[in-house]
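See below for input.txt, which holds compact mmCIF, C-alpha atoms.
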# COMPACT_ATOMS: atom_id res chain seq x y z
CA MET A 17 1.35 -31.58 -5.09
CA ASP A 18 1.68 -30.71 -8.77
CA ILE A 19 2.03 -26.92 -8.43
CA LYS A 20 1.16 -26.11 -12.03
CA GLU A 21 -1.98 -28.25 -11.94
CA TYR A 22 -2.98 -26.80 -8.56
CA MET A 23 -2.52 -23.18 -9.70
CA GLN A 24 -4.39 -23.79 -12.95
CA ALA A 25 -7.33 -25.11 -10.91
CA VAL A 26 -7.18 -22.05 -8.62
CA GLY A 27 -7.12 -19.78 -11.67
CA ARG A 28 -10.10 -21.47 -13.34
CA ARG A 29 -12.15 -21.22 -10.15
CA ALA A 30 -11.23 -17.56 -9.76
CA ARG A 31 -12.20 -16.72 -13.34
CA THR A 32 -15.59 -18.40 -12.96
CA ALA A 33 -16.22 -16.70 -9.61
CA SER A 34 -15.20 -13.31 -11.02
CA ARG A 35 -18.11 -13.38 -13.46
CA ARG A 36 -20.60 -13.96 -10.64
CA LEU A 37 -18.97 -11.33 -8.48
CA ALA A 38 -19.05 -8.74 -11.26
CA SER A 39 -22.85 -9.00 -11.26
CA ALA A 40 -23.25 -9.15 -7.48
CA THR A 41 -25.42 -6.47 -5.94
CA THR A 42 -24.11 -3.95 -3.46
CA ALA A 43 -26.34 -5.54 -0.81
CA GLU A 44 -24.80 -8.98 -1.40
CA LYS A 45 -21.25 -7.65 -1.22
CA ASN A 46 -21.92 -5.61 1.90
CA ALA A 47 -23.60 -8.58 3.60
CA ALA A 48 -20.47 -10.64 3.03
CA LEU A 49 -18.25 -7.87 4.37
CA LEU A 50 -20.29 -7.33 7.52
CA HIS A 51 -20.35 -11.07 8.21
CA LEU A 52 -16.57 -11.15 7.74
CA ALA A 53 -16.04 -8.30 10.21
CA ALA A 54 -18.24 -10.03 12.77
CA ALA A 55 -16.43 -13.34 12.24
CA ILE A 56 -13.04 -11.68 12.72
CA ARG A 57 -14.19 -10.26 16.05
CA ARG A 58 -15.79 -13.57 17.02
CA ASP A 59 -12.60 -15.52 16.34
CA LYS A 60 -10.21 -12.91 17.73
CA ASP A 61 -8.52 -15.30 20.14
CA ALA A 62 -8.12 -17.98 17.48
CA LEU A 63 -6.52 -15.50 15.07
CA ILE A 64 -4.08 -14.31 17.73
CA ALA A 65 -3.22 -17.93 18.53
CA ALA A 66 -2.58 -18.69 14.85
CA ASN A 67 -0.41 -15.61 14.64
CA ALA A 68 1.51 -16.71 17.74
CA ALA A 69 2.31 -20.00 15.99
CA ASP A 70 3.58 -18.07 12.98
CA LEU A 71 5.68 -15.78 15.19
CA ALA A 72 7.23 -18.73 17.02
CA ALA A 73 8.21 -20.39 13.75
CA ALA A 74 9.49 -17.11 12.30
CA GLY A 75 11.59 -16.42 15.39
CA ALA A 76 13.09 -19.90 15.22
CA ASN A 77 13.95 -19.30 11.57
CA GLY A 78 15.74 -16.05 12.37
CA LEU A 79 13.30 -13.65 10.67
CA GLU A 80 14.60 -10.08 10.91
CA ALA A 81 13.08 -7.62 13.37
CA ALA A 82 11.29 -5.49 10.76
CA MET A 83 9.54 -8.55 9.34
CA LEU A 84 8.59 -9.79 12.81
CA ASP A 85 7.04 -6.37 13.49
CA ARG A 86 4.97 -6.62 10.31
CA LEU A 87 3.98 -10.19 11.12
CA THR A 88 2.71 -9.47 14.64
CA LEU A 89 -1.07 -9.36 15.06
CA THR A 90 -2.27 -7.97 18.40
CA GLY A 91 -5.78 -7.73 19.79
CA LYS A 92 -5.85 -4.11 18.69
CA GLY A 93 -4.71 -5.23 15.26
CA VAL A 94 -7.58 -7.71 14.99
CA ASP A 95 -10.05 -4.97 15.96
CA SER A 96 -8.53 -2.64 13.34
CA MET A 97 -8.78 -5.38 10.73
CA ALA A 98 -12.49 -5.82 11.44
CA GLU A 99 -13.03 -2.06 11.46
CA GLY A 100 -11.29 -1.77 8.11
CA VAL A 101 -13.63 -4.36 6.60
CA GLU A 102 -16.64 -2.47 8.00
CA GLN A 103 -15.36 0.77 6.52
CA VAL A 104 -15.13 -0.87 3.11
CA ALA A 105 -18.76 -1.98 3.50
CA LYS A 106 -19.76 1.63 4.17
CA LEU A 107 -18.01 3.00 1.10
CA PRO A 108 -20.00 3.73 -2.06
CA ASP A 109 -19.98 0.86 -4.52
CA PRO A 110 -18.05 2.08 -7.58
CA ILE A 111 -19.21 -0.67 -9.91
CA GLY A 112 -21.68 0.45 -12.56
CA GLU A 113 -21.15 4.15 -11.92
CA MET A 114 -21.48 6.12 -15.16
CA THR A 115 -19.66 9.42 -15.55
CA ASP A 116 -18.85 12.06 -18.16
CA ILE A 117 -22.04 11.39 -20.14
CA LYS A 118 -22.11 13.91 -23.00
CA PHE A 119 -24.25 14.41 -26.08
CA ARG A 120 -22.42 14.26 -29.39
CA PRO A 121 -23.54 16.19 -32.49
CA THR A 122 -24.92 12.94 -33.94
CA GLY A 123 -27.37 12.66 -31.03
CA ILE A 124 -25.73 9.76 -29.24
CA GLN A 125 -24.57 10.06 -25.64
CA VAL A 126 -21.05 8.92 -24.82
CA GLY A 127 -19.61 8.30 -21.35
CA LYS A 128 -17.79 5.86 -19.14
CA MET A 129 -18.84 3.08 -16.78
CA ARG A 130 -16.71 1.78 -13.90
CA VAL A 131 -16.15 -1.99 -14.00
CA PRO A 132 -14.06 -4.59 -12.10
CA LEU A 133 -10.62 -5.56 -13.34
CA GLY A 134 -11.55 -9.25 -13.10
CA VAL A 135 -9.12 -11.51 -11.22
CA ILE A 136 -6.44 -9.91 -9.05
CA GLY A 137 -3.42 -11.83 -7.83
CA ILE A 138 -1.89 -10.37 -4.68
CA ILE A 139 1.56 -11.45 -3.50
CA TYR A 140 2.62 -10.18 -0.11
CA GLU A 141 4.93 -10.85 2.81
CA ALA A 142 4.40 -11.03 6.54
CA ARG A 143 1.36 -8.87 7.33
CA PRO A 144 -1.67 -11.11 7.95
CA ASN A 145 -4.02 -8.10 7.95
CA VAL A 146 -3.40 -7.82 4.20
CA THR A 147 -5.42 -11.01 3.74
CA ALA A 148 -8.55 -9.39 5.17
CA ASP A 149 -7.90 -5.97 3.61
CA ALA A 150 -7.30 -7.40 0.16
CA ALA A 151 -10.28 -9.73 0.35
CA ALA A 152 -12.57 -6.87 1.40
CA LEU A 153 -11.41 -4.46 -1.28
CA CYS A 154 -11.51 -7.04 -4.06
CA LEU A 155 -14.96 -8.18 -2.99
CA LYS A 156 -16.45 -4.68 -2.82
CA SER A 157 -14.93 -3.76 -6.20
CA GLY A 158 -16.38 -6.91 -7.81
CA ASN A 159 -13.05 -8.68 -8.36
CA ALA A 160 -12.09 -12.24 -7.58
CA ALA A 161 -8.82 -12.51 -5.66
CA ILE A 162 -6.00 -15.02 -5.50
CA LEU A 163 -3.95 -14.24 -2.40
CA ARG A 164 -0.43 -15.55 -1.92
CA GLY A 165 0.86 -14.53 1.49
CA GLY A 166 4.33 -15.22 2.81
CA SER A 167 5.20 -18.60 4.28
CA GLU A 168 5.92 -16.88 7.60
CA ALA A 169 2.19 -16.03 8.00
CA ILE A 170 0.66 -19.24 6.66
CA SER A 171 -1.25 -20.25 9.82
CA CYS A 172 -2.90 -16.87 10.33
CA ASN A 173 -3.62 -16.43 6.62
CA ARG A 174 -5.37 -19.79 6.50
CA ALA A 175 -7.49 -18.83 9.50
CA ILE A 176 -8.51 -15.50 7.95
CA ALA A 177 -9.19 -17.16 4.58
CA ALA A 178 -11.61 -19.60 6.24
CA LEU A 179 -13.55 -16.63 7.66
CA VAL A 180 -13.64 -14.90 4.26
CA GLN A 181 -15.05 -17.98 2.58
CA GLU A 182 -17.58 -18.45 5.40
CA ALA A 183 -18.75 -14.86 4.81
CA LEU A 184 -19.04 -15.36 1.05
CA ARG A 185 -21.20 -18.47 1.52
CA GLU A 186 -23.43 -16.68 4.01
CA ALA A 187 -24.05 -13.92 1.45
CA GLY A 188 -24.81 -16.37 -1.36
CA LEU A 189 -21.58 -15.59 -3.23
CA PRO A 190 -19.07 -18.18 -4.48
CA PRO A 191 -16.39 -18.92 -1.85
CA GLU A 192 -13.91 -19.28 -4.72
CA ALA A 193 -14.14 -15.50 -5.19
CA VAL A 194 -11.31 -15.23 -2.65
CA GLN A 195 -8.71 -18.00 -2.55
CA VAL A 196 -5.57 -18.11 -0.43
CA ILE A 197 -2.81 -20.23 -1.95
CA ASP A 198 -2.45 -23.15 0.42
CA THR A 199 1.18 -23.93 -0.24
CA THR A 200 4.44 -22.23 0.71
CA ASP A 201 6.18 -23.56 -2.41
CA ARG A 202 7.68 -20.55 -4.23
CA ALA A 203 6.88 -22.21 -7.55
CA ALA A 204 3.26 -21.17 -6.96
CA VAL A 205 4.30 -17.54 -7.40
CA GLY A 206 5.97 -18.37 -10.70
CA GLU A 207 2.73 -19.91 -11.95
CA LEU A 208 0.52 -17.09 -10.65
CA ILE A 209 2.47 -14.35 -12.44
CA THR A 210 2.31 -16.09 -15.80
CA MET A 211 -1.37 -17.19 -15.90
CA ARG A 212 -2.60 -14.48 -18.25
CA GLU A 213 -5.65 -16.54 -19.16
CA PHE A 214 -6.88 -16.42 -15.56
CA VAL A 215 -5.27 -13.37 -13.88
CA ASP A 216 -5.78 -9.78 -15.01
CA VAL A 217 -3.40 -7.92 -12.71
CA ILE A 218 -0.77 -8.70 -10.07
CA VAL A 219 -0.35 -6.56 -6.95
CA PRO A 220 2.97 -7.27 -5.20
CA ARG A 221 3.62 -6.13 -1.63
CA GLY A 222 7.05 -6.99 -0.36
CA GLY A 223 10.75 -6.28 -0.33
CA LYS A 224 13.05 -5.37 -3.19
CA GLY A 225 13.93 -9.01 -3.83
CA LEU A 226 10.31 -9.99 -4.43
CA ILE A 227 9.63 -6.97 -6.63
CA ALA A 228 12.78 -7.54 -8.69
CA ARG A 229 11.77 -11.15 -9.30
CA LEU A 230 8.27 -10.22 -10.38
CA LEU A 231 9.45 -7.45 -12.67
CA ALA A 232 11.76 -9.92 -14.38
CA GLU A 233 9.36 -12.85 -14.64
CA SER A 234 5.75 -11.62 -14.65
CA ARG A 235 3.70 -11.86 -17.82
CA VAL A 236 0.69 -10.31 -16.08
CA PRO A 237 0.43 -6.49 -15.69
CA MET A 238 1.39 -5.24 -12.21
CA ILE A 239 0.44 -2.44 -9.83
CA GLN A 240 3.79 -2.05 -8.13
CA HIS A 241 4.36 -1.42 -4.46
CA LEU A 242 8.03 -0.52 -4.15
CA ASP A 243 10.09 0.37 -1.09
CA GLY A 244 9.44 3.46 1.03
CA ASN A 245 12.46 5.74 1.36
CA CYS A 246 10.33 8.58 2.75
CA HIS A 247 11.64 12.06 3.59
CA VAL A 248 10.79 14.83 6.03
CA TYR A 249 12.15 18.30 5.16
CA LEU A 250 12.40 20.89 7.93
CA GLU A 251 12.23 24.15 6.00
CA SER A 252 13.68 27.43 7.36
CA GLU A 253 10.24 28.56 8.57
CA ALA A 254 9.34 25.31 10.31
CA ALA A 255 7.78 25.75 13.75
CA PRO A 256 10.13 23.93 16.18
CA ASP A 257 7.31 22.17 18.06
CA LYS A 258 5.76 20.90 14.82
CA ALA A 259 9.16 19.79 13.54
CA LEU A 260 9.93 17.77 16.66
CA ARG A 261 6.48 16.18 16.87
CA ILE A 262 6.33 15.24 13.17
CA VAL A 263 9.83 13.77 12.99
CA GLU A 264 9.22 11.78 16.17
CA ASN A 265 6.02 10.27 14.79
CA ALA A 266 7.25 9.79 11.24
CA LYS A 267 10.39 7.95 12.32
CA THR A 268 9.75 6.32 15.68
CA GLN A 269 6.08 5.29 15.85
CA ARG A 270 6.95 2.14 13.90
CA TYR A 271 10.18 1.20 12.17
CA GLY A 272 9.02 -1.59 9.89
CA THR A 273 6.45 0.20 7.71
CA CYS A 274 6.84 1.58 4.21
CA ASN A 275 5.56 5.04 5.27
CA THR A 276 8.15 5.47 8.03
CA ALA A 277 10.54 8.37 7.44
CA GLU A 278 14.02 7.14 6.55
CA SER A 279 15.61 10.48 5.62
CA LEU A 280 15.59 13.90 7.27
CA LEU A 281 16.54 17.13 5.51
CA VAL A 282 17.15 20.30 7.52
CA ASP A 283 17.45 23.82 6.11
CA ARG A 284 20.92 25.24 6.78
CA ALA A 285 19.43 28.54 8.03
CA VAL A 286 17.91 26.80 11.07
CA ALA A 287 20.05 23.69 11.42
CA ALA A 288 22.01 24.98 14.43
CA THR A 289 18.85 25.56 16.45
CA LEU A 290 16.40 23.01 14.99
CA LEU A 291 18.57 19.92 14.56
CA PRO A 292 19.98 19.48 18.13
CA PRO A 293 16.61 18.90 19.87
CA VAL A 294 15.40 16.68 17.04
CA ALA A 295 18.64 14.69 17.15
CA ALA A 296 18.43 14.40 20.94
CA MET A 297 14.89 13.03 20.67
CA LEU A 298 15.98 10.47 18.07
CA THR A 299 18.99 9.44 20.13
CA ASP A 300 16.87 9.05 23.26
CA LYS A 301 14.66 6.65 21.32
CA GLY A 302 17.65 4.61 20.15
CA VAL A 303 17.77 5.86 16.56
CA GLU A 304 21.18 5.89 14.89
CA ILE A 305 21.85 9.12 12.96
CA ARG A 306 23.86 8.90 9.75
CA GLY A 307 24.58 12.42 8.57
CA CYS A 308 26.45 14.66 6.17
CA ALA A 309 29.59 16.48 7.36
CA GLU A 310 27.56 19.49 8.57
CA THR A 311 25.23 17.19 10.51
CA CYS A 312 28.17 15.44 12.17
CA ALA A 313 29.56 18.83 13.19
CA ILE A 314 26.30 19.69 14.98
CA VAL A 315 25.34 16.24 16.32
CA ALA A 316 28.21 14.70 18.27
CA ASN A 317 26.98 11.11 18.09
CA ALA A 318 26.12 11.16 14.37
CA VAL A 319 28.14 8.91 12.08
CA ALA A 320 29.14 9.83 8.55
CA ALA A 321 26.55 8.90 5.94
CA THR A 322 27.52 7.22 2.70
CA GLU A 323 25.92 7.86 -0.68
CA GLU A 324 24.05 4.57 -0.30
CA ASP A 325 22.51 5.74 2.99
CA TYR A 326 20.49 8.38 1.17
CA TYR A 327 18.93 5.70 -1.05
CA THR A 328 18.19 3.23 1.76
CA GLU A 329 14.90 2.12 3.26
CA TYR A 330 16.23 0.98 6.64
CA LEU A 331 13.07 -0.46 8.24
CA ALA A 332 15.10 -0.06 11.43
CA PRO A 333 16.01 2.63 14.04
CA ILE A 334 18.39 4.36 11.63
CA ILE A 335 17.88 7.65 9.79
CA SER A 336 19.94 9.56 7.23
CA VAL A 337 20.22 13.31 7.80
CA LYS A 338 21.38 16.00 5.38
CA ILE A 339 21.59 19.75 5.79
CA VAL A 340 20.50 21.55 2.62
CA ALA A 341 20.88 25.11 1.39
CA GLY A 342 17.14 25.63 0.90
CA ILE A 343 14.06 24.33 -0.84
CA ASP A 344 15.76 24.01 -4.25
CA GLU A 345 18.34 21.58 -2.88
CA ALA A 346 15.73 19.77 -0.78
CA ILE A 347 13.50 19.12 -3.78
CA ALA A 348 16.44 18.03 -5.93
CA HIS A 349 17.73 15.70 -3.21
CA ILE A 350 14.34 14.07 -2.64
CA ASN A 351 13.62 13.58 -6.34
CA GLN A 352 17.02 11.91 -6.77
CA TYR A 353 17.18 9.65 -3.72
CA SER A 354 13.52 8.99 -2.89
CA SER A 355 11.63 5.84 -3.84
CA HIS A 356 8.77 8.21 -4.75
CA HIS A 357 6.51 6.92 -2.00
CA THR A 358 5.81 9.71 0.54
CA GLU A 359 7.51 13.01 1.42
CA ALA A 360 6.64 15.76 3.92
CA ILE A 361 7.62 19.40 4.42
CA VAL A 362 7.36 21.18 7.76
CA THR A 363 6.96 24.92 7.19
CA ASP A 364 4.77 27.93 7.91
CA ASN A 365 5.65 29.43 4.50
CA HIS A 366 2.62 28.78 2.30
CA PRO A 367 4.21 29.54 -1.12
CA LYS A 368 7.10 27.17 -0.39
CA ALA A 369 4.71 24.51 0.83
CA MET A 370 2.72 24.78 -2.39
CA ARG A 371 5.89 24.57 -4.43
CA PHE A 372 6.89 21.42 -2.54
CA LEU A 373 3.51 19.87 -3.36
CA ARG A 374 3.89 20.68 -7.06
CA GLU A 375 7.50 19.70 -7.62
CA ILE A 376 8.04 16.59 -5.49
CA ASP A 377 7.61 13.53 -7.71
CA SER A 378 6.11 11.09 -5.20
CA ALA A 379 2.81 9.30 -4.75
CA SER A 380 1.95 11.22 -1.54
CA VAL A 381 3.22 14.68 -0.61
CA MET A 382 2.36 16.29 2.74
CA ILE A 383 2.51 19.65 4.46
CA ASN A 384 3.02 19.74 8.24
CA ALA A 385 1.97 16.11 8.71
CA SER A 386 3.71 12.83 9.45
CA THR A 387 4.51 10.49 6.59
CA ARG A 388 2.77 7.78 8.63
CA PHE A 389 -0.54 9.13 7.32
CA ALA A 390 0.21 7.60 3.89
CA ASP A 391 -2.24 4.78 4.40
CA GLY A 392 -5.52 3.73 2.83
CA PHE A 393 -7.33 3.65 6.18
CA GLU A 394 -6.12 7.17 7.04
CA TYR A 395 -7.06 8.44 3.56
CA GLY A 396 -10.63 7.24 4.00
CA LEU A 397 -10.33 4.31 1.60
CA GLY A 398 -11.37 1.85 4.32
CA ALA A 399 -8.30 -0.23 3.63
CA GLU A 400 -5.68 -0.49 0.94
CA ILE A 401 -4.39 -3.25 -1.25
CA GLY A 402 -0.99 -1.59 -1.38
CA ILE A 403 0.69 1.74 -2.00
CA SER A 404 1.54 2.10 -5.66
CA THR A 405 4.63 4.00 -6.75
CA ASP A 406 3.59 3.58 -10.37
CA LYS A 407 2.37 6.55 -12.38
CA ILE A 408 -0.04 4.64 -14.62
CA HIS A 409 -3.48 3.38 -13.55
CA ALA A 410 -3.12 3.79 -9.77
CA ARG A 411 -0.74 5.84 -7.61
CA GLY A 412 -0.47 6.00 -3.83
CA PRO A 413 -2.76 3.95 -1.56
CA VAL A 414 -4.83 1.68 -3.81
CA GLY A 415 -8.42 1.36 -2.67
CA LEU A 416 -11.65 0.50 -4.46
CA GLU A 417 -11.26 2.83 -7.42
CA GLY A 418 -7.72 1.61 -8.05
CA LEU A 419 -9.09 -1.92 -8.45
CA THR A 420 -11.49 -0.92 -11.21
CA SER A 421 -11.28 0.19 -14.80
CA GLN A 422 -13.62 2.14 -17.04
CA LYS A 423 -15.24 1.15 -20.28
CA TRP A 424 -16.86 3.46 -22.81
CA VAL A 425 -20.64 3.34 -23.07
CA VAL A 426 -22.78 4.75 -25.87
CA LEU A 427 -26.49 5.52 -25.42
CA GLY A 428 -28.62 5.85 -28.52
CA ASP A 429 -32.16 5.50 -29.79
CA GLY A 430 -31.86 3.88 -33.18
CA HIS A 431 -28.90 6.03 -34.16
CA VAL A 432 -26.74 4.95 -37.11
CA ARG A 433 -23.53 6.48 -38.38
CA ALA A 434 -23.78 8.43 -41.62

What does this structure look like when you write it as structure tokens?
Amino acid sequence: MDIKEYMQAVGRRARTASRRLASATTAEKNAALLHLAAAIRRDKDALIAANAADLAAAGANGLEAAMLDRLTLTGKGVDSMAEGVEQVAKLPDPIGEMTDIKFRPTGIQVGKMRVPLGVIGIIYEARPNVTADAAALCLKSGNAAILRGGSEAISCNRAIAALVQEALREAGLPPEAVQVIDTTDRAAVGELITMREFVDVIVPRGGKGLIARLLAESRVPMIQHLDGNCHVYLESEAAPDKALRIVENAKTQRYGTCNTAESLLVDRAVAATLLPPVAAMLTDKGVEIRGCAETCAIVANAVAATEEDYYTEYLAPIISVKIVAGIDEAIAHINQYSSHHTEAIVTDNHPKAMRFLREIDSASVMINASTRFADGFEYGLGAEIGISTDKIHARGPVGLEGLTSQKWVVLGDGHVRA
């Protein structure tokens, strides 16, 4: 296969399909989405079988535990994938919405209209559900999509892609509106991120190595999805039961997700009473605690943390712990070491909670809730195409609105400028 020629053909088809999709009606788009959800449920066993083939190959190739966790697609996962597509179908169609219409002194009306971005290239690793989520969100927002999943999920991605294209045909929309790159050759990524004539934006979802490569080589604008070094801060007025429950969920529900807590901060005023039960819970669940000197003095089995530990997204049963003097030090620590993804405070002190919301520089900031809620499905977006740690265009879980832009519109009645 000539990769450049293949990718150019994919890009041309996507650009042509994007023009048809931009004019598609809400009814057409929703019909495709509902057919896709039904097809996913219909072919549940086949999708699980394809995923099993991917898992077997990944295991033989020595894929790390966190990636295997992300790769695994269970029956419940297939149901959630279908439900996510249905939720996208139920969401209001943003395309064509006009806002901020105002009369100007000249008599014209000026406002904005929401429009698709065009062609979106999505590069991701492991998770096969991203194929369905991304297809659904791009479709509903009127964008064509070029999806490049990881080689470890190729069988399942191909199976899901076939269902997406079946759904597009059934709705009378071009199947080329969503294309999954049918090669594991890494050169395809190099082509995708430089095809400015065909691709309007790149959305990467993957590890630091992938992101670093794209930042260095991409000629197409990106909505970045960086790593998730997420924090939970137990403030001096944290209710012990809330603290225990939130840390348990944030850290131990799943280890391989970007919204899993990797760092725990505990206020010095309550560390002696609050930290031991939390540490015992973590230890019972097999989590290694890497702590500051004060933490090690309180938690017998804690090991000394290094400076690097506070920057690390473990994606594993490991957590860094630091005892802080109060909210000032907690905020400073998080803003220095965080990847600016998601942070949570546990407290019954409302003014301090509000200050935490204002001063933490991350895409999602939470009060008395697990960081695991940082998710497009949980936020009511239906699904997400990624969680952006950028500050421009889209930040946090990227749903329909994040995949659109706005253009200025002017309404007149024969008006001319003096």

Rank A:Ala73, A:Met83, A:Val286, A:Val426 by their smallest atom-to-atom distance to A:Leu331, using only C-alpha atoms, and report the top residue only. A:Met83

Write out as a list in words which residues come within 9 Å of A:Ala40 when counting only C-alpha atoms, dropping same-chain ones fewer than 4 positions away. Arg35, Arg36, Glu44, Lys45, Gly158 and Leu189 of chain A

Mind listing as a CSV table (one decimal) with C-alpha atoms, in the frame of the given file all residues within 9 Å of (-2.6, -10.8, -4.0), counting all atoms listed in the file?
chain,number,residue,atom,x,y,z
A,136,ILE,CA,-6.4,-9.9,-9.0
A,137,GLY,CA,-3.4,-11.8,-7.8
A,138,ILE,CA,-1.9,-10.4,-4.7
A,139,ILE,CA,1.6,-11.4,-3.5
A,140,TYR,CA,2.6,-10.2,-0.1
A,146,VAL,CA,-3.4,-7.8,4.2
A,147,THR,CA,-5.4,-11.0,3.7
A,150,ALA,CA,-7.3,-7.4,0.2
A,151,ALA,CA,-10.3,-9.7,0.4
A,161,ALA,CA,-8.8,-12.5,-5.7
A,162,ILE,CA,-6.0,-15.0,-5.5
A,163,LEU,CA,-4.0,-14.2,-2.4
A,164,ARG,CA,-0.4,-15.6,-1.9
A,165,GLY,CA,0.9,-14.5,1.5
A,196,VAL,CA,-5.6,-18.1,-0.4
A,218,ILE,CA,-0.8,-8.7,-10.1
A,219,VAL,CA,-0.4,-6.6,-7.0
A,220,PRO,CA,3.0,-7.3,-5.2
A,221,ARG,CA,3.6,-6.1,-1.6
A,401,ILE,CA,-4.4,-3.2,-1.2

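Point (-8.6, 0.8, -0.3) has the following residues at most 9 Å away: Val104, Asp149, Ala150, Ala152, Leu153, Asp391, Gly392, Phe393, Tyr395, Gly396, Leu397, Gly398, Ala399, Glu400, Ile401, Gly402, Pro413, Val414, Gly415, Leu416, Glu417, Gly418 and Leu419 of chain A (atoms considered: only C-alpha atoms).
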
Serialized selection, C-alpha atoms, as a PDB file, in the coordinates of the input:
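Just written: out_31.pdb:
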ATOM      1  CA  VAL A 104     -15.130  -0.870   3.110  1.00  0.00           C
ATOM      2  CA  ASP A 149      -7.900  -5.970   3.610  1.00  0.00           C
ATOM      3  CA  ALA A 150      -7.300  -7.400   0.160  1.00  0.00           C
ATOM      4  CA  ALA A 152     -12.570  -6.870   1.400  1.00  0.00           C
ATOM      5  CA  LEU A 153     -11.410  -4.460  -1.280  1.00  0.00           C
ATOM      6  CA  ASP A 391      -2.240   4.780   4.400  1.00  0.00           C
ATOM      7  CA  GLY A 392      -5.520   3.730   2.830  1.00  0.00           C
ATOM      8  CA  PHE A 393      -7.330   3.650   6.180  1.00  0.00           C
ATOM      9  CA  TYR A 395      -7.060   8.440   3.560  1.00  0.00           C
ATOM     10  CA  GLY A 396     -10.630   7.240   4.000  1.00  0.00           C
ATOM     11  CA  LEU A 397     -10.330   4.310   1.600  1.00  0.00           C
ATOM     12  CA  GLY A 398     -11.370   1.850   4.320  1.00  0.00           C
ATOM     13  CA  ALA A 399      -8.300  -0.230   3.630  1.00  0.00           C
ATOM     14  CA  GLU A 400      -5.680  -0.490   0.940  1.00  0.00           C
ATOM     15  CA  ILE A 401      -4.390  -3.250  -1.250  1.00  0.00           C
ATOM     16  CA  GLY A 402      -0.990  -1.590  -1.380  1.00  0.00           C
ATOM     17  CA  PRO A 413      -2.760   3.950  -1.560  1.00  0.00           C
ATOM     18  CA  VAL A 414      -4.830   1.680  -3.810  1.00  0.00           C
ATOM     19  CA  GLY A 415      -8.420   1.360  -2.670  1.00  0.00           C
ATOM     20  CA  LEU A 416     -11.650   0.500  -4.460  1.00  0.00           C
ATOM     21  CA  GLU A 417     -11.260   2.830  -7.420  1.00  0.00           C
ATOM     22  CA  GLY A 418      -7.720   1.610  -8.050  1.00  0.00           C
ATOM     23  CA  LEU A 419      -9.090  -1.920  -8.450  1.00  0.00           C
TER      24      LEU A 419
END

Hey, what's within 9 Å of A:Asp216 if we count only C-alpha atoms and toss same-chain stuff fewer than 2 positions away? As JSON, numbers by chain, please? {"A": [133, 134, 135, 136, 137, 211, 212, 213, 214, 218, 236, 237, 238]}

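Summary of the local environment: counting all atoms listed in the file, residues at most 7 Å from stretch 320-328 of chain A, other than itself and those fewer than 4 positions away along its chain, are Asn245, Ser279, Arg306, Gly307, Cys308, Ala309, Cys312, Ser336, Tyr353 and Ser354 of chain A.
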
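Residues in contact range of A:Arg58, defined as at most 12 Å between only C-alpha atoms, with sequence neighbours fewer than 6 positions away removed, read His51, Leu52, Ile64, Gly91, Val94, Asp95, Ala98, Ile176 and Leu179 of chain A.
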
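For the pair atom CA of A:Val337 and atom CA of A:Ser386, the separation is 16.6 Å.
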
Proximity to A:Glu359 - best of A:Gly100, A:Gly302, A:Pro292, A:Gly244, all atoms listed in the file: A:Gly244

Nearest-residue call for A:Glu207, choices A:Thr42, A:Thr276, A:Ser234, A:Thr420, using all atoms listed in the file: A:Ser234

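Atom CA of A:Pro256 is found 9.5 Å from atom CA of A:Leu291.
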
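Nearest-residue note for A:Val432: choosing from A:Leu79, A:Ala105, A:Ile124, A:Ala385, the minimum distance belongs to A:Ile124, counting only C-alpha atoms.
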
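Distance check against A:Ala369 using only C-alpha atoms: of A:Ala332, A:Ala160, A:Ile383, A:Leu71, the minimum falls on A:Ile383.
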
Exercise: A:Ile335 partners within 8 Å, all atoms listed in the file, chain neighbours under 4 positions left out, as a PyMOL selection string: chain A and resi 267+277-280+303-306+330

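Across the model, the gap from atom CA of A:Ala434 to atom CA of A:Gln125 is 16.1 Å.
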
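With all atoms listed in the file as the basis for measurement, A:Val294 is the residue among A:Ala65, A:Cys274, A:Cys154, A:Val294 that approaches A:Leu260 most closely.
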
What would stretch 368-374 of chain A look like with N, CA and C atoms restored, written as a PDB file, in the coordinates of the input?
ATOM      1  N   LYS A 368       6.133  28.263  -0.300  1.00  0.00           N
ATOM      2  CA  LYS A 368       7.100  27.170  -0.390  1.00  0.00           C
ATOM      3  C   LYS A 368       6.424  25.821  -0.210  1.00  0.00           C
ATOM      4  N   ALA A 369       5.446  25.758   0.652  1.00  0.00           N
ATOM      5  CA  ALA A 369       4.710  24.510   0.830  1.00  0.00           C
ATOM      6  C   ALA A 369       4.019  24.097  -0.464  1.00  0.00           C
ATOM      7  N   MET A 370       3.407  25.079  -1.131  1.00  0.00           N
ATOM      8  CA  MET A 370       2.720  24.780  -2.390  1.00  0.00           C
ATOM      9  C   MET A 370       3.711  24.348  -3.465  1.00  0.00           C
ATOM     10  N   ARG A 371       4.866  24.955  -3.459  1.00  0.00           N
ATOM     11  CA  ARG A 371       5.890  24.570  -4.430  1.00  0.00           C
ATOM     12  C   ARG A 371       6.347  23.135  -4.177  1.00  0.00           C
ATOM     13  N   PHE A 372       6.518  22.787  -2.918  1.00  0.00           N
ATOM     14  CA  PHE A 372       6.890  21.420  -2.540  1.00  0.00           C
ATOM     15  C   PHE A 372       5.854  20.430  -3.051  1.00  0.00           C
ATOM     16  N   LEU A 373       4.579  20.740  -2.870  1.00  0.00           N
ATOM     17  CA  LEU A 373       3.510  19.870  -3.360  1.00  0.00           C
ATOM     18  C   LEU A 373       3.608  19.663  -4.868  1.00  0.00           C
ATOM     19  N   ARG A 374       3.862  20.752  -5.591  1.00  0.00           N
ATOM     20  CA  ARG A 374       3.890  20.680  -7.060  1.00  0.00           C
ATOM     21  C   ARG A 374       5.102  19.929  -7.591  1.00  0.00           C
TER      22      ARG A 374
END
